[in-house]
Amino acid sequence: MASFLSVASSLLVGLILAIAPWTGLWDANYLIELHPTVRALALSTFTRGWVTGLGLVNLLLAIQ
């Protein structure tokens, strides 16, 4: 049961991290509206790609 939960959580986190940076929710985050520097960093393609890469690593771990 513990291994199933580990795989399921890794799969879920991987999917969220791989998809979330490219949706409108990422752009409309009200927490970063007040800080222009943090907003610029969060909306950069480098940061989005980095978060997506973490998601893909989680997906690969879930598959193995």
# chains A, B, ... in the order shown; residues from 1 in each chain; ligands from 1
>>> select_by_dssp(residues="stretch 7-58 of chain A", states="alpha helix (DSSP H)", output="ChimeraX atom specification")
/A:7-19,24-27,36-42,45-58
>>> residues_around(residues="stretch 8-16 of chain A", least_positions_apart="6", cutoff="9 Å", atoms="only C-alpha atoms", output="PyMOL selection string")
chain A and resi 52+54-63
>>> residues_around(residues="A:Trp26", least_positions_apart="5", cutoff="10 Å", atoms="only C-alpha atoms", output="PyMOL selection string")
chain A and resi 19-21+32+42-43+48
>>> closest_residue(among="A:Ser6, A:Trp22, A:Gln64, A:His35", to="A:Gly49", atoms="only C-alpha atoms")
A:Trp22
>>> atom_distance(atom1="atom CA of A:Thr47", atom2="atom CA of A:Asn29")
14.7 Å
>>> atom_distance(atom1="atom CA of A:Leu17", atom2="atom CA of A:Gly53")
8.2 Å
>>> closest_residue(among="A:Val7, A:Ala18, A:Leu25, A:Val38", to="A:Val51", atoms="only C-alpha atoms")
A:Ala18
>>> atom_distance(atom1="atom CA of A:Thr23", atom2="atom CA of A:Phe4")
28.6 Å
>>> decode(residues="stretch 6-42 of chain A", atoms="N, CA and C atoms", output="PDB file, in the first residue's frame")
ATOM      1  N   SER A   6       3.107   6.083  -2.859  1.00  0.00           N
ATOM      2  CA  SER A   6       4.293   6.796  -3.301  1.00  0.00           C
ATOM      3  C   SER A   6       4.251   7.032  -4.808  1.00  0.00           C
ATOM      4  N   VAL A   7       3.881   6.006  -5.553  1.00  0.00           N
ATOM      5  CA  VAL A   7       3.790   6.133  -7.008  1.00  0.00           C
ATOM      6  C   VAL A   7       2.672   7.104  -7.383  1.00  0.00           C
ATOM      7  N   ALA A   8       1.531   6.991  -6.727  1.00  0.00           N
ATOM      8  CA  ALA A   8       0.402   7.862  -7.039  1.00  0.00           C
ATOM      9  C   ALA A   8       0.718   9.318  -6.737  1.00  0.00           C
ATOM     10  N   SER A   9       1.358   9.588  -5.610  1.00  0.00           N
ATOM     11  CA  SER A   9       1.686  10.970  -5.266  1.00  0.00           C
ATOM     12  C   SER A   9       2.759  11.527  -6.202  1.00  0.00           C
ATOM     13  N   SER A  10       3.728  10.708  -6.563  1.00  0.00           N
ATOM     14  CA  SER A  10       4.764  11.156  -7.485  1.00  0.00           C
ATOM     15  C   SER A  10       4.165  11.442  -8.866  1.00  0.00           C
ATOM     16  N   LEU A  11       3.228  10.621  -9.283  1.00  0.00           N
ATOM     17  CA  LEU A  11       2.569  10.826 -10.566  1.00  0.00           C
ATOM     18  C   LEU A  11       1.736  12.112 -10.548  1.00  0.00           C
ATOM     19  N   LEU A  12       1.008  12.327  -9.485  1.00  0.00           N
ATOM     20  CA  LEU A  12       0.167  13.517  -9.375  1.00  0.00           C
ATOM     21  C   LEU A  12       1.013  14.792  -9.322  1.00  0.00           C
ATOM     22  N   VAL A  13       2.040  14.787  -8.508  1.00  0.00           N
ATOM     23  CA  VAL A  13       2.922  15.966  -8.413  1.00  0.00           C
ATOM     24  C   VAL A  13       3.604  16.214  -9.756  1.00  0.00           C
ATOM     25  N   GLY A  14       4.029  15.150 -10.424  1.00  0.00           N
ATOM     26  CA  GLY A  14       4.668  15.298 -11.722  1.00  0.00           C
ATOM     27  C   GLY A  14       3.746  15.912 -12.759  1.00  0.00           C
ATOM     28  N   LEU A  15       2.503  15.463 -12.784  1.00  0.00           N
ATOM     29  CA  LEU A  15       1.542  16.031 -13.731  1.00  0.00           C
ATOM     30  C   LEU A  15       1.270  17.500 -13.443  1.00  0.00           C
ATOM     31  N   ILE A  16       1.103  17.833 -12.188  1.00  0.00           N
ATOM     32  CA  ILE A  16       0.833  19.226 -11.825  1.00  0.00           C
ATOM     33  C   ILE A  16       2.019  20.119 -12.173  1.00  0.00           C
ATOM     34  N   LEU A  17       3.224  19.665 -11.834  1.00  0.00           N
ATOM     35  CA  LEU A  17       4.406  20.481 -12.119  1.00  0.00           C
ATOM     36  C   LEU A  17       4.698  20.587 -13.607  1.00  0.00           C
ATOM     37  N   ALA A  18       4.332  19.585 -14.383  1.00  0.00           N
ATOM     38  CA  ALA A  18       4.601  19.631 -15.817  1.00  0.00           C
ATOM     39  C   ALA A  18       3.593  20.511 -16.560  1.00  0.00           C
ATOM     40  N   ILE A  19       2.381  20.617 -16.040  1.00  0.00           N
ATOM     41  CA  ILE A  19       1.330  21.339 -16.758  1.00  0.00           C
ATOM     42  C   ILE A  19       1.103  22.748 -16.223  1.00  0.00           C
ATOM     43  N   ALA A  20       1.174  22.933 -14.917  1.00  0.00           N
ATOM     44  CA  ALA A  20       0.801  24.208 -14.279  1.00  0.00           C
ATOM     45  C   ALA A  20       1.546  25.442 -14.806  1.00  0.00           C
ATOM     46  N   PRO A  21       2.853  25.385 -15.067  1.00  0.00           N
ATOM     47  CA  PRO A  21       3.536  26.612 -15.501  1.00  0.00           C
ATOM     48  C   PRO A  21       3.053  27.155 -16.840  1.00  0.00           C
ATOM     49  N   TRP A  22       2.360  26.355 -17.630  1.00  0.00           N
ATOM     50  CA  TRP A  22       1.944  26.784 -18.958  1.00  0.00           C
ATOM     51  C   TRP A  22       0.458  27.123 -19.023  1.00  0.00           C
ATOM     52  N   THR A  23      -0.208  27.205 -17.868  1.00  0.00           N
ATOM     53  CA  THR A  23      -1.624  27.553 -17.840  1.00  0.00           C
ATOM     54  C   THR A  23      -1.804  29.002 -17.403  1.00  0.00           C
ATOM     55  N   GLY A  24      -3.030  29.465 -17.501  1.00  0.00           N
ATOM     56  CA  GLY A  24      -3.341  30.828 -17.090  1.00  0.00           C
ATOM     57  C   GLY A  24      -3.267  31.020 -15.591  1.00  0.00           C
ATOM     58  N   LEU A  25      -3.405  29.942 -14.828  1.00  0.00           N
ATOM     59  CA  LEU A  25      -3.303  30.058 -13.376  1.00  0.00           C
ATOM     60  C   LEU A  25      -1.919  30.535 -12.944  1.00  0.00           C
ATOM     61  N   TRP A  26      -0.915  30.132 -13.679  1.00  0.00           N
ATOM     62  CA  TRP A  26       0.458  30.536 -13.365  1.00  0.00           C
ATOM     63  C   TRP A  26       0.629  32.038 -13.604  1.00  0.00           C
ATOM     64  N   ASP A  27       0.004  32.553 -14.658  1.00  0.00           N
ATOM     65  CA  ASP A  27       0.122  33.977 -14.992  1.00  0.00           C
ATOM     66  C   ASP A  27      -0.694  34.857 -14.052  1.00  0.00           C
ATOM     67  N   ALA A  28      -1.824  34.359 -13.590  1.00  0.00           N
ATOM     68  CA  ALA A  28      -2.755  35.170 -12.796  1.00  0.00           C
ATOM     69  C   ALA A  28      -2.576  34.960 -11.298  1.00  0.00           C
ATOM     70  N   ASN A  29      -1.404  34.623 -10.861  1.00  0.00           N
ATOM     71  CA  ASN A  29      -1.131  34.386  -9.453  1.00  0.00           C
ATOM     72  C   ASN A  29      -1.094  35.719  -8.717  1.00  0.00           C
ATOM     73  N   TYR A  30      -2.049  35.931  -7.825  1.00  0.00           N
ATOM     74  CA  TYR A  30      -2.127  37.217  -7.126  1.00  0.00           C
ATOM     75  C   TYR A  30      -1.028  37.385  -6.079  1.00  0.00           C
ATOM     76  N   LEU A  31      -0.360  36.326  -5.686  1.00  0.00           N
ATOM     77  CA  LEU A  31       0.708  36.434  -4.689  1.00  0.00           C
ATOM     78  C   LEU A  31       1.947  37.134  -5.247  1.00  0.00           C
ATOM     79  N   ILE A  32       2.148  37.042  -6.554  1.00  0.00           N
ATOM     80  CA  ILE A  32       3.332  37.681  -7.137  1.00  0.00           C
ATOM     81  C   ILE A  32       3.009  39.018  -7.790  1.00  0.00           C
ATOM     82  N   GLU A  33       1.751  39.452  -7.745  1.00  0.00           N
ATOM     83  CA  GLU A  33       1.375  40.734  -8.338  1.00  0.00           C
ATOM     84  C   GLU A  33       2.061  41.907  -7.633  1.00  0.00           C
ATOM     85  N   LEU A  34       2.304  41.774  -6.341  1.00  0.00           N
ATOM     86  CA  LEU A  34       2.856  42.888  -5.569  1.00  0.00           C
ATOM     87  C   LEU A  34       4.362  43.057  -5.725  1.00  0.00           C
ATOM     88  N   HIS A  35       5.040  42.046  -6.215  1.00  0.00           N
ATOM     89  CA  HIS A  35       6.499  42.079  -6.319  1.00  0.00           C
ATOM     90  C   HIS A  35       6.915  41.923  -7.783  1.00  0.00           C
ATOM     91  N   PRO A  36       7.246  43.011  -8.448  1.00  0.00           N
ATOM     92  CA  PRO A  36       7.569  42.947  -9.880  1.00  0.00           C
ATOM     93  C   PRO A  36       8.785  42.069 -10.201  1.00  0.00           C
ATOM     94  N   THR A  37       9.769  42.052  -9.322  1.00  0.00           N
ATOM     95  CA  THR A  37      10.963  41.246  -9.584  1.00  0.00           C
ATOM     96  C   THR A  37      10.636  39.757  -9.510  1.00  0.00           C
ATOM     97  N   VAL A  38       9.888  39.360  -8.501  1.00  0.00           N
ATOM     98  CA  VAL A  38       9.491  37.966  -8.362  1.00  0.00           C
ATOM     99  C   VAL A  38       8.574  37.576  -9.504  1.00  0.00           C
ATOM    100  N   ARG A  39       7.691  38.487  -9.916  1.00  0.00           N
ATOM    101  CA  ARG A  39       6.779  38.212 -11.030  1.00  0.00           C
ATOM    102  C   ARG A  39       7.564  37.966 -12.313  1.00  0.00           C
ATOM    103  N   ALA A  40       8.554  38.814 -12.569  1.00  0.00           N
ATOM    104  CA  ALA A  40       9.370  38.646 -13.778  1.00  0.00           C
ATOM    105  C   ALA A  40      10.105  37.309 -13.754  1.00  0.00           C
ATOM    106  N   LEU A  41      10.602  36.916 -12.601  1.00  0.00           N
ATOM    107  CA  LEU A  41      11.294  35.637 -12.484  1.00  0.00           C
ATOM    108  C   LEU A  41      10.331  34.466 -12.673  1.00  0.00           C
ATOM    109  N   ALA A  42       9.162  34.540 -12.062  1.00  0.00           N
ATOM    110  CA  ALA A  42       8.191  33.446 -12.152  1.00  0.00           C
ATOM    111  C   ALA A  42       7.627  33.294 -13.554  1.00  0.00           C
TER     112      ALA A  42
END
